[in-house]
$ cat start35.csv   # CSV, C-alpha atoms
chain,number,residue,atom,x,y,z
A,1,MET,CA,-12.2,-26.2,-1.0
A,2,ALA,CA,-10.8,-23.5,1.3
A,3,GLY,CA,-11.8,-24.1,4.9
A,4,ALA,CA,-13.4,-27.5,4.1
A,5,GLY,CA,-13.6,-29.2,7.5
A,6,ARG,CA,-11.3,-26.5,9.0
A,7,LEU,CA,-8.4,-29.0,8.8
A,8,LEU,CA,-6.1,-26.7,10.7
A,9,LYS,CA,-8.6,-25.5,13.4
A,10,ASP,CA,-7.4,-27.6,16.3
A,11,SER,CA,-3.7,-27.6,15.5
A,12,ASP,CA,-1.3,-26.5,18.2
A,13,LYS,CA,0.4,-24.4,15.5
A,14,ILE,CA,-2.5,-22.0,15.5
A,15,ILE,CA,-1.8,-19.1,17.9
A,16,PHE,CA,-4.6,-16.7,18.8
A,17,GLY,CA,-4.0,-13.3,20.4
A,18,GLU,CA,-3.8,-9.5,20.0
A,19,PHE,CA,-0.1,-9.3,18.9
A,20,TRP,CA,-0.3,-5.6,17.9
A,21,THR,CA,-2.8,-2.9,18.7
A,22,ALA,CA,-6.1,-2.5,16.8
A,23,LYS,CA,-5.8,1.3,17.2
A,24,GLN,CA,-5.3,3.3,14.0
A,25,ARG,CA,-2.2,5.3,13.1
A,26,GLN,CA,0.1,4.0,15.8
A,27,GLY,CA,3.1,3.6,13.5
A,28,HIS,CA,5.4,6.4,12.4
A,29,PRO,CA,3.5,9.2,10.6
A,30,ILE,CA,5.6,8.6,7.4
A,31,HIS,CA,3.5,5.4,6.9
A,32,HIS,CA,0.3,7.4,6.7
A,33,THR,CA,1.5,9.9,4.2
A,34,VAL,CA,-0.8,8.4,1.6
A,35,SER,CA,-3.8,6.1,1.9
A,36,TYR,CA,-4.0,2.8,0.0
A,37,ARG,CA,-6.7,0.2,0.1
A,38,ALA,CA,-6.0,-3.3,1.4
A,39,SER,CA,-2.8,-2.3,3.2
A,40,PHE,CA,-1.9,-3.7,6.6
A,41,LYS,CA,-0.7,-1.8,9.6
A,42,PRO,CA,3.1,-1.2,10.2
A,43,GLU,CA,2.6,-3.0,13.5
A,44,LEU,CA,2.2,-6.3,11.6
A,45,PRO,CA,5.6,-6.4,9.9
A,46,SER,CA,7.2,-4.9,13.0
A,47,PHE,CA,6.0,-7.8,15.1
A,48,PHE,CA,7.4,-10.4,12.8
A,49,MET,CA,10.7,-8.5,12.3
A,50,LYS,CA,11.2,-8.6,16.1
A,51,GLU,CA,10.1,-12.2,16.2
A,52,PHE,CA,12.4,-13.6,13.4
A,53,LEU,CA,15.3,-11.2,13.0
A,54,LYS,CA,17.7,-11.3,15.9
A,55,LYS,CA,20.2,-9.0,14.3
A,56,LYS,CA,20.1,-5.6,12.6
A,57,ASN,CA,21.0,-4.9,9.0
A,58,ARG,CA,19.1,-7.9,7.5
A,59,VAL,CA,17.1,-7.9,4.2
A,60,VAL,CA,13.3,-7.8,4.4
A,61,TYR,CA,11.3,-8.4,1.3
A,62,ASP,CA,7.7,-7.8,0.3
A,63,PRO,CA,6.7,-9.3,-3.1
A,64,PHE,CA,3.3,-7.6,-2.9
A,65,GLY,CA,4.7,-4.2,-1.8
A,66,GLY,CA,1.5,-2.1,-1.9
A,67,ARG,CA,2.1,1.3,-0.4
A,68,GLY,CA,5.4,0.3,1.0
A,69,THR,CA,4.6,-0.5,4.7
A,70,THR,CA,7.0,-3.4,5.0
A,71,ALA,CA,9.9,-1.6,3.3
A,72,ILE,CA,9.5,1.6,5.4
A,73,GLN,CA,9.1,-0.3,8.6
A,74,ALA,CA,12.2,-2.4,7.8
A,75,ASN,CA,14.2,0.8,7.4
A,76,ILE,CA,12.8,2.2,10.6
A,77,GLU,CA,13.9,-0.9,12.4
A,78,GLY,CA,17.4,-1.0,11.0
A,79,HIS,CA,17.1,-3.3,8.0
A,80,ALA,CA,17.4,-2.9,4.2
A,81,ALA,CA,14.3,-3.6,2.1
A,82,ILE,CA,13.2,-5.1,-1.2
A,83,HIS,CA,9.9,-3.7,-2.4
A,84,ASN,CA,8.3,-5.5,-5.3
A,85,ASP,CA,4.9,-4.9,-7.0
A,86,ILE,CA,3.5,-5.2,-10.5
A,87,HIS,CA,1.8,-1.8,-10.1
A,88,PRO,CA,3.9,1.3,-11.0
A,89,LEU,CA,1.8,3.3,-8.5
A,90,SER,CA,3.1,1.0,-5.7
A,91,LEU,CA,6.7,1.6,-6.7
A,92,PHE,CA,6.2,5.4,-6.6
A,93,LEU,CA,4.5,5.3,-3.2
A,94,ALA,CA,7.4,3.3,-1.7
A,95,SER,CA,10.4,4.8,-3.5
A,96,ALA,CA,9.2,8.4,-2.8
A,97,ARG,CA,9.9,7.7,0.9
A,98,GLN,CA,13.3,6.0,0.4
A,99,TYR,CA,14.8,9.4,1.2
A,100,VAL,CA,12.8,11.7,3.4
A,101,PRO,CA,14.0,15.3,3.0
A,102,LYS,CA,14.2,17.9,5.8
A,103,PHE,CA,11.1,20.0,6.2
A,104,SER,CA,13.0,23.2,5.6
A,105,ASP,CA,14.3,22.0,2.2
A,106,LEU,CA,10.8,20.9,1.2
A,107,GLU,CA,9.3,24.2,2.3
A,108,LYS,CA,11.9,26.1,0.2
A,109,LYS,CA,11.3,23.9,-2.8
A,110,LEU,CA,7.5,24.3,-2.6
A,111,ALA,CA,7.8,28.0,-2.3
A,112,SER,CA,9.9,28.2,-5.5
A,113,LEU,CA,7.2,26.6,-7.6
A,114,ASP,CA,5.2,28.9,-9.8
A,115,LEU,CA,1.8,27.2,-10.2
A,116,GLU,CA,0.0,30.2,-11.7
A,117,GLY,CA,1.2,29.8,-15.3
A,118,GLU,CA,-1.2,29.1,-18.1
A,119,VAL,CA,-1.8,25.5,-19.1
A,120,GLU,CA,-3.2,24.0,-22.3
A,121,ASP,CA,-6.7,22.8,-22.4
A,122,ASP,CA,-7.0,19.1,-22.7
A,123,PRO,CA,-10.1,17.1,-23.7
A,124,PHE,CA,-9.5,14.9,-20.6
A,125,ASP,CA,-10.2,17.9,-18.4
A,126,LYS,CA,-13.9,17.2,-18.7
A,127,ASN,CA,-13.3,14.1,-16.5
A,128,LEU,CA,-11.5,16.2,-13.9
A,129,LEU,CA,-13.8,19.2,-13.5
A,130,PRO,CA,-16.4,17.3,-11.4
A,131,PHE,CA,-13.6,17.0,-8.8
A,132,PHE,CA,-11.6,20.2,-9.1
A,133,HIS,CA,-12.3,24.0,-9.5
A,134,PRO,CA,-10.7,25.1,-12.8
A,135,ARG,CA,-8.1,27.2,-11.0
A,136,THR,CA,-7.2,24.4,-8.7
A,137,LEU,CA,-6.9,22.1,-11.7
A,138,LYS,CA,-4.5,24.6,-13.3
A,139,GLU,CA,-2.3,24.5,-10.3
A,140,ILE,CA,-2.3,20.7,-10.3
A,141,LYS,CA,-1.4,20.6,-14.0
A,142,ASN,CA,1.5,23.1,-13.4
A,143,LEU,CA,2.8,21.0,-10.6
A,144,LYS,CA,2.7,18.0,-13.0
A,145,LYS,CA,5.0,20.0,-15.3
A,146,TYR,CA,7.6,20.4,-12.5
A,147,MET,CA,7.3,16.7,-11.7
A,148,MET,CA,8.4,15.9,-15.3
A,149,ILE,CA,11.6,18.0,-15.3
A,150,ASP,CA,12.7,17.9,-11.6
A,151,ASP,CA,14.0,14.6,-10.3
A,152,SER,CA,15.2,15.9,-6.9
A,153,ILE,CA,14.2,14.0,-3.8
A,154,GLU,CA,12.4,17.1,-2.6
A,155,MET,CA,10.3,17.2,-5.7
A,156,LYS,CA,9.5,13.5,-5.5
A,157,PHE,CA,8.4,13.9,-1.9
A,158,ILE,CA,6.3,16.9,-2.7
A,159,SER,CA,4.6,14.9,-5.5
A,160,LEU,CA,3.8,12.2,-3.0
A,161,ILE,CA,2.2,14.6,-0.6
A,162,ALA,CA,0.2,16.2,-3.5
A,163,LEU,CA,-0.9,12.7,-4.5
A,164,SER,CA,-2.2,12.1,-1.0
A,165,ARG,CA,-4.2,15.4,-1.1
A,166,LEU,CA,-5.6,14.9,-4.6
A,167,HIS,CA,-9.1,13.9,-3.6
A,168,GLY,CA,-10.9,13.3,-0.4
A,169,HIS,CA,-13.7,14.2,2.0
A,170,SER,CA,-12.4,17.3,3.8
A,171,SER,CA,-11.2,20.8,3.0
A,172,GLY,CA,-7.6,19.6,3.3
A,173,PHE,CA,-7.9,17.9,-0.1
A,174,PHE,CA,-7.7,19.6,-3.5
A,175,SER,CA,-11.1,18.2,-4.6
A,176,VAL,CA,-14.7,18.7,-3.8
A,177,TYR,CA,-16.2,16.2,-1.3
A,178,THR,CA,-15.4,12.6,-2.5
A,179,PHE,CA,-13.8,9.4,-1.4
A,180,PRO,CA,-10.2,9.6,-0.3
A,181,GLN,CA,-9.1,6.0,-1.1
A,182,VAL,CA,-11.1,5.3,-4.3
A,183,SER,CA,-11.3,7.4,-7.5
A,184,ILE,CA,-14.9,7.1,-8.4
A,185,PRO,CA,-15.9,7.7,-12.1
A,186,PRO,CA,-16.5,11.3,-13.2
A,187,GLU,CA,-20.1,10.7,-14.0
A,188,ALA,CA,-20.7,9.3,-10.4
A,189,GLN,CA,-18.9,12.3,-8.9
A,190,ALA,CA,-21.1,14.7,-11.0
A,191,LYS,CA,-24.2,13.0,-9.7
A,192,ASN,CA,-23.0,13.2,-6.1
A,193,ASN,CA,-22.3,16.9,-6.6
A,194,ALA,CA,-25.8,17.5,-7.9
A,195,LYS,CA,-27.3,15.4,-5.1
A,196,LYS,CA,-25.4,17.3,-2.4
A,197,GLY,CA,-25.9,20.6,-4.1
A,198,ILE,CA,-22.2,21.4,-4.2
A,199,LEU,CA,-19.7,22.5,-6.8
A,200,PRO,CA,-15.9,22.3,-6.7
A,201,GLU,CA,-14.5,25.4,-4.9
A,202,TYR,CA,-11.1,26.9,-5.5
A,203,ARG,CA,-8.6,25.3,-3.1
A,204,PRO,CA,-5.0,26.4,-3.5
A,205,ILE,CA,-2.8,23.4,-3.4
A,206,LYS,CA,0.4,24.9,-1.9
A,207,PRO,CA,-1.0,25.5,1.7
A,208,ARG,CA,-2.6,22.0,1.7
A,209,ILE,CA,0.7,20.4,0.7
A,210,LEU,CA,2.6,22.4,3.3
A,211,GLN,CA,0.1,21.5,6.1
A,212,LYS,CA,0.3,17.8,5.2
A,213,MET,CA,4.1,17.8,5.2
A,214,LYS,CA,4.2,19.4,8.6
A,215,ARG,CA,1.9,16.7,10.0
A,216,ASP,CA,3.8,13.8,8.4
A,217,LEU,CA,7.2,15.1,9.4
A,218,ALA,CA,6.2,16.2,12.9
A,219,MET,CA,8.0,13.1,14.3
A,220,PRO,CA,11.6,12.8,13.3
A,221,ILE,CA,12.5,9.6,11.4
A,222,PRO,CA,15.2,7.5,13.1
A,223,PRO,CA,18.7,8.9,12.5
A,224,PHE,CA,19.8,5.7,10.9
A,225,TYR,CA,16.8,5.4,8.5
A,226,HIS,CA,18.7,6.5,5.4
A,227,GLU,CA,21.7,4.3,6.2
A,228,PHE,CA,19.5,1.4,5.5
A,229,SER,CA,17.0,2.8,3.0
A,230,LYS,CA,19.9,3.7,0.6
A,231,ASN,CA,20.3,-0.1,0.0
A,232,ASN,CA,16.7,-0.7,-0.8
A,233,ILE,CA,15.7,-2.4,-4.1
A,234,TYR,CA,12.5,-1.4,-5.9
A,235,SER,CA,11.3,-4.0,-8.4
A,236,LEU,CA,8.4,-3.9,-10.9
A,237,SER,CA,7.5,-7.5,-11.4
A,238,SER,CA,4.8,-10.1,-10.8
A,239,ALA,CA,5.4,-11.7,-7.4
A,240,ASN,CA,5.8,-15.2,-8.9
A,241,SER,CA,8.7,-14.1,-11.1
A,242,VAL,CA,11.1,-11.5,-9.7
A,243,PRO,CA,14.4,-11.6,-11.6
A,244,ASN,CA,15.7,-8.5,-9.8
A,245,VAL,CA,15.9,-10.4,-6.5
A,246,GLU,CA,18.9,-12.7,-6.2
A,247,SER,CA,18.5,-16.3,-4.9
A,248,GLU,CA,19.1,-16.8,-1.2
A,249,SER,CA,19.5,-13.1,-0.6
A,250,VAL,CA,16.5,-12.5,1.8
A,251,ASP,CA,16.3,-12.9,5.5
A,252,LEU,CA,12.6,-12.4,6.0
A,253,ILE,CA,9.5,-12.0,3.8
A,254,VAL,CA,6.4,-10.2,5.2
A,255,THR,CA,3.6,-9.8,2.7
A,256,SER,CA,-0.1,-9.9,2.0
A,257,PRO,CA,-1.3,-11.0,-1.5
A,258,PRO,CA,-4.5,-9.7,-3.1
A,259,PHE,CA,-7.5,-11.7,-1.9
A,260,LEU,CA,-10.4,-12.9,-4.0
A,261,ASP,CA,-11.8,-10.1,-6.2
A,262,LYS,CA,-11.7,-7.6,-3.3
A,263,VAL,CA,-9.9,-4.6,-4.9
A,264,ASP,CA,-9.8,-3.1,-8.4
A,265,TYR,CA,-6.5,-1.4,-8.2
A,266,GLU,CA,-6.6,0.0,-11.7
A,267,GLY,CA,-10.1,1.4,-11.6
A,268,ASP,CA,-9.8,2.6,-8.0
A,269,ASN,CA,-6.8,4.7,-8.8
A,270,TRP,CA,-7.5,6.3,-12.1
A,271,LEU,CA,-7.1,9.8,-10.8
A,272,ARG,CA,-3.8,9.0,-9.2
A,273,HIS,CA,-2.7,7.4,-12.5
A,274,TRP,CA,-3.6,10.6,-14.3
A,275,PHE,CA,-1.6,12.6,-11.8
A,276,LEU,CA,1.5,10.4,-12.2
A,277,ASP,CA,1.1,9.8,-16.0
A,278,ILE,CA,0.7,6.0,-15.4
A,279,ARG,CA,-0.7,4.6,-18.6
A,280,LYS,CA,-2.7,1.5,-19.0
A,281,SER,CA,-0.7,-1.5,-20.2
A,282,LYS,CA,-2.0,-4.7,-21.6
A,283,ASP,CA,1.2,-6.4,-20.3
A,284,ARG,CA,0.4,-5.4,-16.7
A,285,LYS,CA,-1.9,-8.1,-15.4
A,286,LEU,CA,-2.7,-7.4,-11.8
A,287,SER,CA,-3.3,-10.4,-9.6
A,288,ILE,CA,-7.0,-10.2,-9.0
A,289,PHE,CA,-8.8,-13.6,-8.9
A,290,SER,CA,-12.5,-14.4,-8.3
A,291,ASN,CA,-11.8,-18.1,-8.8
A,292,LEU,CA,-10.2,-19.9,-5.8
A,293,SER,CA,-8.3,-22.5,-7.9
A,294,ASP,CA,-6.7,-19.7,-10.0
A,295,TRP,CA,-5.8,-17.9,-6.8
A,296,ASN,CA,-4.3,-21.1,-5.3
A,297,GLU,CA,-2.2,-21.7,-8.5
A,298,PHE,CA,-0.9,-18.1,-8.3
A,299,ILE,CA,-0.1,-18.4,-4.6
A,300,ARG,CA,1.8,-21.7,-5.2
A,301,SER,CA,4.0,-20.2,-7.9
A,302,THR,CA,4.6,-17.1,-5.6
A,303,LEU,CA,5.6,-19.4,-2.7
A,304,LYS,CA,8.0,-21.3,-5.0
A,305,GLU,CA,9.6,-18.0,-6.1
A,306,SER,CA,9.8,-16.8,-2.5
A,307,ALA,CA,11.6,-20.0,-1.5
A,308,ARG,CA,14.1,-19.2,-4.2
A,309,VAL,CA,15.1,-15.8,-2.8
A,310,LEU,CA,15.0,-16.8,0.9
A,311,LYS,CA,18.0,-17.9,2.7
A,312,LYS,CA,17.9,-21.4,4.1
A,313,GLY,CA,16.3,-21.5,7.6
A,314,SER,CA,14.6,-18.1,7.0
A,315,TYR,CA,10.9,-17.3,7.3
A,316,MET,CA,8.1,-16.1,5.2
A,317,VAL,CA,5.0,-14.5,6.7
A,318,MET,CA,1.9,-14.3,4.4
A,319,GLU,CA,-1.0,-12.5,5.8
A,320,VAL,CA,-4.4,-13.5,4.5
A,321,GLY,CA,-7.9,-13.0,5.7
A,322,GLU,CA,-11.3,-14.6,6.1
A,323,VAL,CA,-13.2,-13.9,2.9
A,324,LYS,CA,-17.0,-14.4,2.6
A,325,LYS,CA,-18.1,-16.0,-0.7
A,326,GLY,CA,-21.8,-16.6,-0.9
A,327,ASN,CA,-22.8,-18.3,2.4
A,328,SER,CA,-19.4,-19.7,3.0
A,329,ILE,CA,-16.3,-18.3,4.8
A,330,LEU,CA,-13.0,-19.1,3.1
A,331,TYR,CA,-10.1,-19.4,5.4
A,332,LEU,CA,-7.3,-18.7,3.0
A,333,ASP,CA,-4.6,-19.6,5.5
A,334,GLU,CA,-5.4,-23.2,5.0
A,335,ASP,CA,-5.0,-22.9,1.2
A,336,VAL,CA,-1.6,-21.2,1.7
A,337,VAL,CA,-0.4,-24.1,3.9
A,338,ARG,CA,-1.5,-26.6,1.3
A,339,MET,CA,0.0,-24.6,-1.6
A,340,ALA,CA,3.4,-24.5,0.2
A,341,GLU,CA,3.8,-28.3,-0.1
A,342,GLY,CA,6.6,-29.1,-2.4
A,343,THR,CA,7.9,-25.5,-2.8
A,344,GLY,CA,10.7,-25.7,-0.3
A,345,LEU,CA,8.7,-24.0,2.4
A,346,VAL,CA,7.1,-25.8,5.3
A,347,TRP,CA,4.4,-24.6,7.7
A,348,SER,CA,5.8,-23.4,11.0
A,349,LYS,CA,2.7,-21.8,12.6
A,350,THR,CA,-0.1,-19.4,12.0
A,351,TYR,CA,-0.8,-16.3,14.1
A,352,VAL,CA,-4.4,-15.2,14.2
A,353,GLN,CA,-4.7,-11.6,15.3
A,354,THR,CA,-8.0,-11.1,17.0
A,355,GLN,CA,-9.3,-7.5,17.3
A,356,ASN,CA,-12.4,-5.3,17.2
A,357,PHE,CA,-13.3,-3.4,14.1
A,358,THR,CA,-11.8,-0.1,13.4
A,359,LYS,CA,-13.7,2.9,12.1
A,360,LEU,CA,-12.5,2.2,8.6
A,361,SER,CA,-13.6,-1.4,8.7
A,362,ASN,CA,-17.1,-0.2,9.7
A,363,CYS,CA,-17.0,2.3,6.9
A,364,TRP,CA,-16.7,-0.6,4.4
A,365,GLN,CA,-19.5,-2.4,6.2
A,366,VAL,CA,-17.3,-5.3,7.3
A,367,SER,CA,-18.7,-7.4,10.2
A,368,ASN,CA,-16.5,-9.4,12.5
A,369,ASN,CA,-15.8,-12.9,11.4
A,370,GLU,CA,-18.5,-12.6,8.7
A,371,LYS,CA,-17.2,-10.6,5.9
A,372,GLY,CA,-13.9,-9.0,4.6
A,373,THR,CA,-10.6,-9.4,6.2
A,374,ASN,CA,-10.8,-8.2,9.8
A,375,SER,CA,-9.0,-11.1,11.3
A,376,ASN,CA,-5.3,-11.1,10.2
A,377,ARG,CA,-4.3,-14.7,9.7
A,378,CYS,CA,-0.5,-14.7,9.3
A,379,VAL,CA,0.9,-18.0,7.9
A,380,VAL,CA,4.5,-18.5,8.9
A,381,LEU,CA,6.6,-20.7,6.5
A,382,ARG,CA,10.2,-21.7,6.9
A,383,LYS,CA,12.6,-22.5,4.1
A,384,VAL,CA,14.1,-26.0,4.6
A,385,ASN,CA,16.1,-26.6,1.5

$ encode --input "start35.csv" --output "structure tokens"
Amino acid sequence: MAGAGRLLKDSDKIIFGEFWTAKQRQGHPIHHTVSYRASFKPELPSFFMKEFLKKKNRVVYDPFGGRGTTAIQANIEGHAAIHNDIHPLSLFLASARQYVPKFSDLEKKLASLDLEGEVEDDPFDKNLLPFFHPRTLKEIKNLKKYMMIDDSIEMKFISLIALSRLHGHSSGFFSVYTFPQVSIPPEAQAKNNAKKGILPEYRPIKPRILQKMKRDLAMPIPPFYHEFSKNNIYSLSSANSVPNVESESVDLIVTSPPFLDKVDYEGDNWLRHWFLDIRKSKDRKLSIFSNLSDWNEFIRSTLKESARVLKKGSYMVMEVGEVKKGNSILYLDEDVVRMAEGTGLVWSKTYVQTQNFTKLSNCWQVSNNEKGTNSNRCVVLRKVN
């Protein structure tokens, strides 16, 4: 059982400290273009890149790529990246920032879009009208038309910005007041509207996209960013079988797997899926486990695959948290260490980032060392053969 006896508690390989700031939004603004649940801060992969990569132009890999934090930070720090995830939304979030256009080019492209054209009624619209004014919805649907026919880097980046503004809790979003990170069901949104006595108001989307682009591009990206991002690889696979990544091709892995039944990526993102035309697939089995033994089995197979792609002597960092199950706290770092046995990876050390709660953690009612994943426990494994 995870955490049974706290077998690793007194090890001199456990290092406690504040290795990166607990403050929010300290990384480059391009990281925060779009919110994504269960993502770690860019300061985390940055710390380990500095710790384990002594030269530039290395290859950094994240098998659970999420919103692309590891890949983007790798490019910022002068490395190529491999971003893998089983979720198509994740690949879009990361690859849309492989090339960051100039603001002037984005502004010109946005101004050229005619979003006032008539659109066909769709039975699915009934699910969208609790969130959007009909005129706002028309503009969004017209933007989707452009997204289907224009594959320019400018259009892809504008689509990313629009995705980030799709729904949220301020007037800067396209929607009526709702959650920014989770797409709640239409029925729940309709009830919330009635309870608050509000209706979706018309919110033109162009000025909101423009305002967000200005904010995200206020800080220039490093001049060498695209020199390294052009060599990125974006892979759509399960983390325990990634055929697009060659054996012994990776210099460092920094990743964080899904924990135990914490996030419903499909349900939480249904509005984003609609916007990007991501269809449900019975073959896409997201790695969400409520059973610890199943989670361990998946982690073992992922570590084995990670050992295959790592160069000998290179490191893998897997960030996990402390998860409360019933009256027990599961220290998943101990399970990762055990699952690494026999995979070709050996435990080097574990960094435990100690920090106070952020505003977002409090929002999710997470209490320090009691619930959720406030303490980053980063298991460092080294490939030995």

$ atom_distance --input "start35.csv" --atom1 "CA of His83 in chain A" --atom2 "CA of Asp335 in chain A"
24.6 Å

$ closest_residue --input "start35.csv" --among "A:Ile205, A:Leu271, A:Ala80, A:Cys378" --to "Ile184 in chain A" --atoms "all atoms listed in the file"
A:Leu271

$ atom_distance --input "start35.csv" --atom1 "CA of Ala96 in chain A" --atom2 "CA of Met318 in chain A"
24.9 Å

$ residues_near_point --input "start35.csv" --point "(-19.9, 15.9, -4.7)" --cutoff "10 Å" --atoms "only C-alpha atoms" --output "count of residues only"
21

$ atom_distance --input "start35.csv" --atom1 "CA of Ser229 in chain A" --atom2 "CA of Phe92 in chain A"
14.7 Å

$ closest_residue --input "start35.csv" --among "A:Phe16, A:His79, A:Leu110, A:Asp264" --to "Ser159 in chain A" --atoms "only C-alpha atoms"
A:Leu110
